[in-house]
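Undergrad: Got a structure here, written out as structure tokens. Questions coming.
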Amino acid sequence: MTSAKTTKIVIVGAGFIGACLAYHLSRRPRNAITVLDRGIPGAGASGHSFAWVNAFGKDPQDYHTLNRRSLDMWYRLAHQLDEDIGIHYGGEMRWEGNTKRAAQLERRIRQLQTWGYPCRLISRDEMLALEPDLLPGRVEAASHSEADIHVETDKFISVNLKRAQESGAIVHPATGVTDFVIRNGKIAAVKTPDAEFMCDVVVLASGVQTTELASVIGVHIPQQCSPGIVIKTTSCATVLQSVAVIHAPPTNENYQHLHLRQLSDGTLRIGQGTQEGINRNDSQEHADALLAQAKAYLPTIADAEAIPTPVGYRPMPLDGFPILGFTEAVPNLYIALMHSGVTLAPLVGEMATLEIVDGARVDWFAPYRLERFG
Ligand SMILES: Cc1cc2nc3c(=O)[nH]c(=O)nc-3n(C[C@H](O)[C@H](O)[C@H](O)COP(=O)(O)OP(=O)(O)OC[C@H]3O[C@@H](n4cnc5c(N)ncnc54)[C@H](O)[C@@H]3O)c2cc1C
């Protein structure tokens, strides 16, 4: 697509992925970008996310490397955007209090080091030097993954959309796509209840709704249901002095690991289990119990109160890996559906732009085409 003609690109979805794509695409000349969101930008999975940017638990190695590349690209993207995108540096710290899980953590860190991940085992003293207010209890093993960050999703999305708009993109919130006009096997226009948007390329960055939307034109996007809960708290004083994210062991056998981060307004986000853990319990009791566990480790948050948040649904392709690229069935339909979209956004934004604008087929995306599902 190197001709002087303007390419009309419609992005359906203004979450973390759609917003980042809009920013990258709008940096190129001769693109007319329209972003449509059926609600408020960022209110989908992105608004429920724990938003830990990492390649820690990402297997196999290809997928780890994809996440690692994106993690490294975060630093450049932050520099390019040069505005408050709610990025918190300092890495991720975790520890284990029982010998079995400590051995697992040690093995994991050794493996990640062979993959070149900047992480290392640390002593209890090093932990406390990083986080002096922490009461970690028994520490059988601990680690620090120095490059990890967390991001405030609403800030990131609004800065990306703002930059895209400054470059001419048009953003329509509260504009749900319901149908498509097909001409000669391609999408000629995107339909909403009130309007039609002519297009040369359509990008579905519509999160969990991608499957339903693509089915309208007979494209099957296999997805699994992946509910999760990240609770919020009232604002408290700075709790983490150095690191961005902590993962703490369960305080008793009935609980799971917890993860915690703090936003710049002082509120906390706390989740449990793994980044992919299934949880539908959005009750006040659950939120209180999770916060009580966090207080056992961080007495400085004694006054914080838990605010339950509704269940968030992760965009989760059937095999857990991203779906990226133009579809064979409808050649001007580009799919950008993934879990770990917060981690992957800089890479997806930049590489998908090479595919959409320059017609490249990026090798890094080869394992993640829709057609792998047959
Ligand atoms: C509990 C939880 C914890 C997570 N933790 C992490 C983490 O620690 N690290 C990490 O990297 N990732 C994490 N994720 C995953 C990450 O948040 C998502 O991968 C990412 O937010 C996906 O962004 P998205 O833009 O693709 O989707 P979304 O944010 O869901 O955005 C899709 C947008 O499309 C719009 N839309 C849908 N249908 C239509 C339509 N018909 N017309 C117009 N607009 C439409 C929606 O309104 C929505 O705004 C987590 C997710 C959850 C739920």
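How things are named: the first chain in the structure tokens is A, the next is B, and so on; residues count from 1 in each chain; ligands count from 1 in the order shown.
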Which residues of chain A have any atom within 7 Å of an atom in ligand 1 when counting only C-alpha atoms and all ligand atoms, and what is the closest pair of atoms for each, with the distance in Å to one decimal? Order the rows by chain and rising number and write it as a tab-separated table.
TA:
residue	atom	partner	partner_atom_place_in_ligand_line	distance
A:Val12	CA	ligand 1	43 (C)	5.1
A:Gly13	CA	ligand 1	34 (O)	3.2
A:Ala14	CA	ligand 1	49 (O)	4.9
A:Gly15	CA	ligand 1	25 (O)	3.3
A:Phe16	CA	ligand 1	25 (O)	4.0
A:Ile17	CA	ligand 1	25 (O)	3.8
A:Gly18	CA	ligand 1	25 (O)	5.2
A:Leu36	CA	ligand 1	43 (C)	5.2
A:Asp37	CA	ligand 1	44 (N)	3.5
A:Arg38	CA	ligand 1	43 (C)	3.9
A:Gly39	CA	ligand 1	47 (O)	4.7
A:Ile40	CA	ligand 1	49 (O)	6.3
A:Pro41	CA	ligand 1	49 (O)	4.9
A:Gly42	CA	ligand 1	49 (O)	5.1
A:Ala43	CA	ligand 1	49 (O)	5.3
A:Gly44	CA	ligand 1	30 (O)	3.7
A:Ala45	CA	ligand 1	30 (O)	3.8
A:Ser46	CA	ligand 1	21 (O)	3.2
A:Gly47	CA	ligand 1	29 (O)	6.5
A:His48	CA	ligand 1	53 (C)	5.0
A:Ser49	CA	ligand 1	4 (C)	3.8
A:Phe50	CA	ligand 1	5 (N)	3.9
A:Ala51	CA	ligand 1	8 (O)	4.0
A:Trp52	CA	ligand 1	8 (O)	3.8
A:Val53	CA	ligand 1	11 (O)	5.2
A:Asn54	CA	ligand 1	11 (O)	7.0
A:Thr175	CA	ligand 1	43 (C)	5.9
A:Gly176	CA	ligand 1	42 (N)	3.5
A:Val177	CA	ligand 1	42 (N)	3.8
A:Thr178	CA	ligand 1	41 (N)	5.7
A:Ala205	CA	ligand 1	26 (O)	5.2
A:Ser206	CA	ligand 1	34 (O)	3.4
A:Gly207	CA	ligand 1	27 (O)	3.7
A:Val208	CA	ligand 1	30 (O)	6.1
A:Gln209	CA	ligand 1	38 (N)	4.7
A:Thr210	CA	ligand 1	38 (N)	6.5
A:Leu213	CA	ligand 1	41 (N)	6.1
A:Pro227	CA	ligand 1	53 (C)	6.4
A:Gly228	CA	ligand 1	1 (C)	4.0
A:Ile229	CA	ligand 1	1 (C)	4.7
A:Val230	CA	ligand 1	1 (C)	5.4
A:Gln275	CA	ligand 1	5 (N)	5.4
A:Gly312	CA	ligand 1	53 (C)	4.1
A:Tyr313	CA	ligand 1	53 (C)	4.6
A:Arg314	CA	ligand 1	53 (C)	4.1
A:Pro315	CA	ligand 1	19 (O)	5.7
A:Ala336	CA	ligand 1	26 (O)	6.8
A:Leu337	CA	ligand 1	26 (O)	5.6
A:Met338	CA	ligand 1	19 (O)	5.2
A:His339	CA	ligand 1	19 (O)	3.6
A:Ser340	CA	ligand 1	11 (O)	3.2
A:Gly341	CA	ligand 1	19 (O)	3.3
A:Val342	CA	ligand 1	11 (O)	3.7
A:Thr343	CA	ligand 1	11 (O)	3.8
A:Leu344	CA	ligand 1	11 (O)	6.5
Undergrad: Please produce a file of those selected residues containing C-alpha atoms, as a tab-separated table (two decimals), in the first residue's frame.
TA:
chain	number	residue	atom	x	y	z
A	12	VAL	CA	-13.44	-1.16	15.94
A	13	GLY	CA	-12.67	-0.86	19.66
A	14	ALA	CA	-10.88	1.83	21.66
A	15	GLY	CA	-9.37	-0.29	24.40
A	16	PHE	CA	-5.67	-0.63	25.06
A	17	ILE	CA	-5.04	-2.29	21.68
A	18	GLY	CA	-7.30	-0.14	19.50
A	36	LEU	CA	-15.39	3.44	16.80
A	37	ASP	CA	-16.23	2.24	20.29
A	38	ARG	CA	-19.64	1.10	21.41
A	39	GLY	CA	-19.06	2.54	24.89
A	40	ILE	CA	-16.48	4.63	26.69
A	41	PRO	CA	-12.90	4.02	25.50
A	42	GLY	CA	-11.09	1.79	27.99
A	43	ALA	CA	-14.20	0.45	29.71
A	44	GLY	CA	-13.74	-3.07	28.32
A	45	ALA	CA	-11.16	-5.60	29.55
A	46	SER	CA	-8.57	-2.81	29.74
A	47	GLY	CA	-10.48	-1.11	32.55
A	48	HIS	CA	-10.45	-4.35	34.59
A	49	SER	CA	-6.85	-5.26	33.95
A	50	PHE	CA	-4.10	-5.74	36.50
A	51	ALA	CA	-1.93	-4.12	33.80
A	52	TRP	CA	1.36	-5.74	34.80
A	53	VAL	CA	3.73	-5.57	31.84
A	54	ASN	CA	5.89	-8.67	31.92
A	175	THR	CA	-20.86	4.08	18.42
A	176	GLY	CA	-21.38	0.34	18.21
A	177	VAL	CA	-20.66	-1.55	15.02
A	178	THR	CA	-23.49	-3.88	14.10
A	205	ALA	CA	-9.67	-4.62	18.27
A	206	SER	CA	-12.99	-5.33	19.93
A	207	GLY	CA	-11.83	-7.56	22.78
A	208	VAL	CA	-14.21	-10.33	23.81
A	209	GLN	CA	-16.80	-9.03	21.32
A	210	THR	CA	-14.46	-9.75	18.39
A	213	LEU	CA	-18.62	-9.23	15.40
A	227	PRO	CA	-13.43	-13.99	33.88
A	228	GLY	CA	-11.16	-12.33	36.42
A	229	ILE	CA	-11.33	-9.86	39.30
A	230	VAL	CA	-8.97	-7.07	40.26
A	275	GLN	CA	-2.61	-13.44	35.63
A	312	GLY	CA	-13.66	-8.37	33.87
A	313	TYR	CA	-13.56	-10.71	30.87
A	314	ARG	CA	-10.18	-11.24	29.27
A	315	PRO	CA	-10.09	-11.38	25.47
A	336	ALA	CA	-5.98	-7.96	16.92
A	337	LEU	CA	-7.29	-10.17	19.73
A	338	MET	CA	-5.22	-11.16	22.72
A	339	HIS	CA	-4.78	-11.68	26.41
A	340	SER	CA	-1.81	-9.79	27.89
A	341	GLY	CA	-2.78	-6.94	25.61
A	342	VAL	CA	-1.35	-4.45	28.09
A	343	THR	CA	2.06	-6.06	27.82
A	344	LEU	CA	1.80	-6.59	24.07
Undergrad: Considering only C-alpha atoms, return as a PDB file with N, CA and C atoms, in the first residue's frame whatever protein or nucleic-acid residues lie within 7 Å of segment 237-246 of chain A, sequence-local ones (same chain, fewer than 6 positions apart) excluded.
TA:
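To be explicit, this is the file written out as result.pdb:
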ATOM      1  N   HIS A  88       4.601   2.947  35.687  1.00  0.00           N
ATOM      2  CA  HIS A  88       5.298   2.818  36.972  1.00  0.00           C
ATOM      3  C   HIS A  88       6.446   1.831  36.796  1.00  0.00           C
ATOM      4  N   TYR A  89       7.662   2.315  36.950  1.00  0.00           N
ATOM      5  CA  TYR A  89       8.862   1.484  36.797  1.00  0.00           C
ATOM      6  C   TYR A  89       9.239   0.861  38.142  1.00  0.00           C
ATOM      7  N   GLY A  90      10.185  -0.056  38.096  1.00  0.00           N
ATOM      8  CA  GLY A  90      10.720  -0.598  39.358  1.00  0.00           C
ATOM      9  C   GLY A  90      10.719  -2.114  39.423  1.00  0.00           C
ATOM     10  N   GLY A  91      10.045  -2.750  38.454  1.00  0.00           N
ATOM     11  CA  GLY A  91      10.091  -4.206  38.407  1.00  0.00           C
ATOM     12  C   GLY A  91       9.057  -4.877  39.286  1.00  0.00           C
ATOM     13  N   GLU A  92       9.123  -6.191  39.258  1.00  0.00           N
ATOM     14  CA  GLU A  92       8.192  -7.022  40.040  1.00  0.00           C
ATOM     15  C   GLU A  92       8.998  -7.813  41.058  1.00  0.00           C
ATOM     16  N   MET A  93       8.505  -7.845  42.287  1.00  0.00           N
ATOM     17  CA  MET A  93       9.168  -8.628  43.337  1.00  0.00           C
ATOM     18  C   MET A  93       8.189  -9.688  43.831  1.00  0.00           C
ATOM     19  N   ARG A  94       8.688 -10.899  44.042  1.00  0.00           N
ATOM     20  CA  ARG A  94       7.833 -11.967  44.597  1.00  0.00           C
ATOM     21  C   ARG A  94       8.630 -12.812  45.559  1.00  0.00           C
ATOM     22  N   LEU A 130      14.614  -3.104  49.223  1.00  0.00           N
ATOM     23  CA  LEU A 130      13.729  -2.569  48.180  1.00  0.00           C
ATOM     24  C   LEU A 130      12.424  -2.047  48.779  1.00  0.00           C
ATOM     25  N   GLU A 131      11.857  -2.825  49.701  1.00  0.00           N
ATOM     26  CA  GLU A 131      10.559  -2.464  50.284  1.00  0.00           C
ATOM     27  C   GLU A 131      10.628  -2.518  51.809  1.00  0.00           C
ATOM     28  N   ILE A 149       6.988  -3.432  34.567  1.00  0.00           N
ATOM     29  CA  ILE A 149       6.355  -2.160  34.929  1.00  0.00           C
ATOM     30  C   ILE A 149       4.860  -2.421  35.142  1.00  0.00           C
ATOM     31  N   HIS A 150       4.144  -1.409  35.592  1.00  0.00           N
ATOM     32  CA  HIS A 150       2.693  -1.446  35.430  1.00  0.00           C
ATOM     33  C   HIS A 150       2.230  -0.103  34.903  1.00  0.00           C
ATOM     34  N   HIS A 259      -1.520 -10.372  44.040  1.00  0.00           N
ATOM     35  CA  HIS A 259      -0.644  -9.397  43.386  1.00  0.00           C
ATOM     36  C   HIS A 259      -1.212  -8.004  43.623  1.00  0.00           C
ATOM     37  N   LEU A 260      -0.311  -7.057  43.747  1.00  0.00           N
ATOM     38  CA  LEU A 260      -0.723  -5.712  44.182  1.00  0.00           C
ATOM     39  C   LEU A 260       0.116  -4.653  43.470  1.00  0.00           C
ATOM     40  N   ARG A 261      -0.549  -3.571  43.100  1.00  0.00           N
ATOM     41  CA  ARG A 261       0.143  -2.403  42.544  1.00  0.00           C
ATOM     42  C   ARG A 261      -0.599  -1.164  43.031  1.00  0.00           C
ATOM     43  N   GLY A 266      -3.099   6.971  44.522  1.00  0.00           N
ATOM     44  CA  GLY A 266      -2.984   6.324  45.832  1.00  0.00           C
ATOM     45  C   GLY A 266      -3.823   5.065  45.976  1.00  0.00           C
ATOM     46  N   THR A 300       1.184  -0.590  56.418  1.00  0.00           N
ATOM     47  CA  THR A 300       0.961   0.836  56.103  1.00  0.00           C
ATOM     48  C   THR A 300      -0.379   1.065  55.409  1.00  0.00           C
TER      49      THR A 300
END
Undergrad: Using only C-alpha atoms for the distances, tell me which of A:Val219, A:Ala19, A:Val201, A:Ile33 is nearest to Phe156 of chain A.
TA: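 Nearest candidate to Phe156 of chain A out of A:Val219, A:Ala19, A:Val201, A:Ile33: A:Ala19.
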Undergrad: Work out how far atom CA of Ala352 of chain A is from atom CA of Ile157 of chain A, in Å to one decimal.
TA: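 Calculated distance between atom CA of Ile157 of chain A and atom CA of Ala352 of chain A is 17.5 Å.
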Undergrad: DSSP on the backbone: what in segment 62-159 of chain A comes out strand (DSSP E or B), as an NGL selection string?
TA: :A and (87-88 or 92-96 or 119-121 or 141-145 or 149-151)
Undergrad: Within segment 225-340 of chain A, find each residue whose DSSP state, derived from the backbone, is alpha helix (DSSP H), and express the selection as a list in words.
TA: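 Checking each residue of segment 225-340 of chain A, the alpha helix (DSSP H) ones are Gln284, Glu285, His286, Ala287, Asp288, Ala289, Leu290, Leu291, Ala292, Gln293, Ala294, Lys295, Ala296 and Tyr297 of chain A.
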Undergrad: Tell me, as a list in words, which residues lie within 10 Å of Pro29 of chain A, counting only C-alpha atoms; anything in the same chain fewer than 6 positions away does not count.
TA: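 Here the answer would be Ala4, Thr6, Thr7, Ser167 and Val357 of chain A.
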Undergrad: Any chance you can output those residues with C-alpha atoms as a PDB file, in the first residue's frame?
TA:
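Wrote out_0.pdb, looks like this:
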ATOM      1  CA  ALA A   4      -0.376   8.179  -2.889  1.00  0.00           C
ATOM      2  CA  THR A   6      -5.410   7.781   1.193  1.00  0.00           C
ATOM      3  CA  THR A   7      -6.186   4.503   2.953  1.00  0.00           C
ATOM      4  CA  SER A 167      -2.680  13.516  13.655  1.00  0.00           C
ATOM      5  CA  VAL A 357       0.295   0.115   5.959  1.00  0.00           C
TER       6      VAL A 357
END
Undergrad: Separation of atom CA of Thr234 of chain A and atom CA of Ser283 of chain A, in Å?
TA: 16.3 Å
Undergrad: Between A:Gly185, A:Pro322, A:Pro118, A:Gly86, which is the closest to Asp72 of chain A once you count only C-alpha atoms?
TA: A:Pro118
